Every structure is written in C-alpha cells, then in structure tokens.
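> Here it is, the structure in full.
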Amino acid sequence: MSTNFFSTKKMKTNIIGILFLFASISIQAHQSDLSTVLIYQNEKGKCYLQIYSSLTAFKEEVEYKYGKNAYKTPEEFRALVTDHFKKNLLFICNDQDTLKFGKPLVLLGHETKLVVEVFGFPKNISSMYFKNGMFMDTPHNQSSLIILKKGLPSQLYVLNDENKQQIDLVLENGKWQTNATILNLSM
C-alpha cells in the first residue's frame, strides 16, 4: 500500500481540478461579472463557504443596493457586504435543513473574499439547494460553484441568469443530478 499523497488517479484529478479552480479565480480578479463559490470541509470536519470575486464586483453591488455614499471606511464596507450576503444567500440540504452561517469574514483586496463557517451541514445528504444572489444585479454575471466535502461528489456548476442564480441537486447513485423543478424561493 502506497503512502504517497498523489498516488491515486482520483486524488490527482481532484488536485488538478482544484488548481484549475484557483487559477480561474485569479483570472477573475479583474472581472466584475465573474465570481466563485467554494463549499468545503476541512480536515477537522468543519464546513466553510467562500465567495471570491473582484473588489469592483463587491463595490458595485454594495453601491447599487445601499447607495454610493453608504460607507466611508473599510469596516463600514465590510458590514454592508456582510448584510448583503445574509440577505442574498440560501443553502438548504435534504429539502428541509436550512443551513446557518457563522459571522462572515470579508477580506478586502484586488480579489476580495468572503469566508464563513457553515453550521448544521447534515452527515447524510440526499439533496442540496443553493442560491447565490450576491451579484444578481451585475449584468451577465456568472458564479462557479464547487462543493468539496468528504463523501460527496465534486462537480463544478455555473449559476447565472438562465438558472436564476440557483441550483437544485439530488444525489443519485453517488452522483449529483440536477433536479428538473427549481424551487421558486424568493429572498
């Protein structure tokens, strides 16, 4: 039995996928219509959600929703980003478990990142509904969604205007299937 971390084909594929994801995140740092959402579980079993986009994307949304003069300091801006996040993100597992979030951490920079711990992620998951309206008002916006949680298949999805920034997945035979009936939940 090999103890080499990179020994399995699946592990190599996952690592290449993750590297591609982070390379695409860096490319997006200038584009206000692109964002990435990463849901992952760390080695201690805690689940986190991260949203990456350009500072311009966050700034445009905050100014559109709250006004151009809504903030004067980085702390005020972070508070508005946090408020916008709380109003525009919904995550439900197993058709009934609305997941709760910890206090978001907003890391400002050329590429801005919002990081938050996800509470109540069920051990056994049969379905998942995710809606990200954070950048919904940005024309032609697209958000890449990837889920990296132990025991769940890793796939990349694109949320955009066509699917109303949401995805409804059902786990069948170890693979995610898109549920044909998208929930009409309003925020």
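The way I read the labels, and the way they are meant: chains A, B, ... in the order of the structure tokens, residue 1 as the first residue of every chain, and ligand 1 as the first ligand shown, with later ones counted on from there.
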Applying 7 Å and only C-alpha atoms, which residues near Glu111 in chain A remain after dropping the ones on its own chain fewer than 5 positions away? List them as JSON, numbers by chain.
{"A": [29, 52, 53, 54, 55]}
> Env of Val81 in chain A: 9 Å cut, atoms = only C-alpha atoms, seq-sep filter 6 positions within chain, self excluded. Answer as a list in words.
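What passes the distance filter is Phe58, Lys59, Glu61, Val62, Val106 and Leu114 of chain A.
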> For the structure I just gave you, how does DSSP split range 70-181 of chain A - specifically, which residues are helix (DSSP H, G or I)? Reply as a list of chain:residue names.
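Selection result, helix (DSSP H, G or I) within range 70-181 of chain A: A:Pro74, A:Glu75, A:Glu76, A:Phe77, A:Arg78, A:Ala79, A:Leu80, A:Val81, A:Thr82, A:Asp83, A:His84, A:Phe85, A:Lys86, A:Lys87, A:Asn88.
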> Save out the residues we just selected, N, CA and C atoms, as a compact mmCIF listing (two decimals), in the first residue's frame.

# COMPACT_ATOMS: atom_id res chain seq x y z
N PRO A 74 -13.38 51.11 5.43
CA PRO A 74 -13.39 49.68 5.08
C PRO A 74 -14.30 48.86 6.01
N GLU A 75 -14.36 49.23 7.29
CA GLU A 75 -15.20 48.49 8.24
C GLU A 75 -16.67 48.64 7.88
N GLU A 76 -17.07 49.86 7.49
CA GLU A 76 -18.47 50.07 7.07
C GLU A 76 -18.77 49.30 5.79
N PHE A 77 -17.81 49.24 4.87
CA PHE A 77 -17.98 48.48 3.64
C PHE A 77 -18.14 46.99 3.95
N ARG A 78 -17.27 46.47 4.82
CA ARG A 78 -17.37 45.05 5.22
C ARG A 78 -18.73 44.75 5.82
N ALA A 79 -19.24 45.65 6.66
CA ALA A 79 -20.55 45.45 7.28
C ALA A 79 -21.65 45.39 6.22
N LEU A 80 -21.57 46.22 5.20
CA LEU A 80 -22.58 46.20 4.14
C LEU A 80 -22.46 44.93 3.29
N VAL A 81 -21.24 44.48 3.03
CA VAL A 81 -21.05 43.22 2.30
C VAL A 81 -21.66 42.07 3.10
N THR A 82 -21.42 42.06 4.40
CA THR A 82 -21.97 41.02 5.28
C THR A 82 -23.49 41.05 5.26
N ASP A 83 -24.08 42.22 5.35
CA ASP A 83 -25.54 42.36 5.31
C ASP A 83 -26.08 41.87 3.97
N HIS A 84 -25.42 42.24 2.90
CA HIS A 84 -25.84 41.81 1.56
C HIS A 84 -25.76 40.29 1.44
N PHE A 85 -24.71 39.70 1.97
CA PHE A 85 -24.55 38.25 1.97
C PHE A 85 -25.72 37.58 2.70
N LYS A 86 -26.03 38.06 3.89
CA LYS A 86 -27.10 37.46 4.70
C LYS A 86 -28.46 37.52 4.00
N LYS A 87 -28.68 38.54 3.21
CA LYS A 87 -29.96 38.71 2.51
C LYS A 87 -30.04 37.95 1.19
N ASN A 88 -28.90 37.51 0.67
CA ASN A 88 -28.88 37.00 -0.70
C ASN A 88 -28.31 35.61 -0.89
> Between A:Glu117, A:Phe91, A:Trp176, A:Asp161, which one has atoms that come closest to Asn42 in chain A, using only C-alpha atoms?
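So, comparing all the options, the nearest one is A:Glu117.
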> Quick one: of A:Tyr66, A:Phe119, A:Phe130, A:Tyr157, who's nearest to Ile92 in chain A, counting only C-alpha atoms?
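For Ile92 in chain A, the nearest of the candidates is A:Phe130.
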> Which residue gives the smallest distance to Gln177 in chain A among A:Ser127, A:Thr56, A:Asn94, A:Asn69, with only C-alpha atoms counted?
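Of A:Ser127, A:Thr56, A:Asn94, A:Asn69, the one nearest Gln177 in chain A, counting only C-alpha atoms, is A:Ser127.
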> Where does range 59-121 of chain A meet range 137-148 of chain A within 10 Å, residue by residue, with the nearest atom pair and distance in Å to one decimal for each, counting only C-alpha atoms, listed by chain and rising number, as a tab-separated table?

residue	atom	partner	partner_atom	distance
A:Glu60	CA	A:Thr138	CA	7.9
A:Glu61	CA	A:Asp137	CA	7.0
A:Tyr64	CA	A:Asp137	CA	8.1
A:Lys65	CA	A:Asp137	CA	9.1
> In Å, with one decimal, what is the gap from CA of Leu89 in chain A to CA of Gln155 in chain A?
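Between CA of Leu89 in chain A and CA of Gln155 in chain A the gap works out to 19.7 Å.
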> Which residues come within 8 Å of Gln50 in chain A, counting only C-alpha atoms, excluding same-chain residues fewer than 2 positions away, as JSON, numbers by chain?
{"A": [36, 37, 38, 39, 48, 52, 113, 114, 115, 116]}
> How about saving the chosen residues, N, CA, C and O atoms kept, as a PDB file, in the first residue's frame?

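Now in again.pdb:
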ATOM      1  N   THR A  36     -16.673  33.099  -7.780  1.00  0.00           N
ATOM      2  CA  THR A  36     -16.535  31.678  -7.482  1.00  0.00           C
ATOM      3  C   THR A  36     -17.017  31.429  -6.060  1.00  0.00           C
ATOM      4  O   THR A  36     -16.693  32.193  -5.151  1.00  0.00           O
ATOM      5  N   VAL A  37     -17.793  30.366  -5.895  1.00  0.00           N
ATOM      6  CA  VAL A  37     -18.253  29.941  -4.579  1.00  0.00           C
ATOM      7  C   VAL A  37     -17.669  28.561  -4.329  1.00  0.00           C
ATOM      8  O   VAL A  37     -17.830  27.651  -5.145  1.00  0.00           O
ATOM      9  N   LEU A  38     -17.002  28.432  -3.212  1.00  0.00           N
ATOM     10  CA  LEU A  38     -16.385  27.171  -2.832  1.00  0.00           C
ATOM     11  C   LEU A  38     -16.985  26.741  -1.496  1.00  0.00           C
ATOM     12  O   LEU A  38     -16.950  27.500  -0.532  1.00  0.00           O
ATOM     13  N   ILE A  39     -17.555  25.553  -1.462  1.00  0.00           N
ATOM     14  CA  ILE A  39     -18.067  24.967  -0.224  1.00  0.00           C
ATOM     15  C   ILE A  39     -17.173  23.768   0.059  1.00  0.00           C
ATOM     16  O   ILE A  39     -17.043  22.885  -0.784  1.00  0.00           O
ATOM     17  N   TYR A  48     -17.010  25.172   5.428  1.00  0.00           N
ATOM     18  CA  TYR A  48     -16.886  26.595   5.150  1.00  0.00           C
ATOM     19  C   TYR A  48     -17.419  26.904   3.760  1.00  0.00           C
ATOM     20  O   TYR A  48     -17.438  26.048   2.872  1.00  0.00           O
ATOM     21  N   TYR A  52     -15.450  34.324  -3.818  1.00  0.00           N
ATOM     22  CA  TYR A  52     -14.349  35.108  -4.379  1.00  0.00           C
ATOM     23  C   TYR A  52     -14.877  35.939  -5.537  1.00  0.00           C
ATOM     24  O   TYR A  52     -15.609  35.424  -6.377  1.00  0.00           O
ATOM     25  N   LYS A 113     -12.580  38.368  -0.838  1.00  0.00           N
ATOM     26  CA  LYS A 113     -13.079  37.057  -0.437  1.00  0.00           C
ATOM     27  C   LYS A 113     -13.956  37.207   0.796  1.00  0.00           C
ATOM     28  O   LYS A 113     -13.613  37.923   1.726  1.00  0.00           O
ATOM     29  N   LEU A 114     -15.099  36.522   0.796  1.00  0.00           N
ATOM     30  CA  LEU A 114     -15.953  36.409   1.964  1.00  0.00           C
ATOM     31  C   LEU A 114     -15.865  34.961   2.417  1.00  0.00           C
ATOM     32  O   LEU A 114     -16.058  34.048   1.607  1.00  0.00           O
ATOM     33  N   VAL A 115     -15.530  34.740   3.686  1.00  0.00           N
ATOM     34  CA  VAL A 115     -15.390  33.397   4.239  1.00  0.00           C
ATOM     35  C   VAL A 115     -16.325  33.277   5.433  1.00  0.00           C
ATOM     36  O   VAL A 115     -16.363  34.160   6.288  1.00  0.00           O
ATOM     37  N   VAL A 116     -17.061  32.169   5.488  1.00  0.00           N
ATOM     38  CA  VAL A 116     -17.994  31.968   6.590  1.00  0.00           C
ATOM     39  C   VAL A 116     -18.090  30.471   6.900  1.00  0.00           C
ATOM     40  O   VAL A 116     -18.054  29.636   5.995  1.00  0.00           O
TER      41      VAL A 116
END
> When DSSP works through the backbone of this structure, what residues of range 12-184 of chain A end up as strand (DSSP E or B), shown as a ChimeraX atom specification?
/A:34-41,47-54,89-93,97-98,100-101,105-107,111-119,127-132,142-148,156-160,166-172,175-178
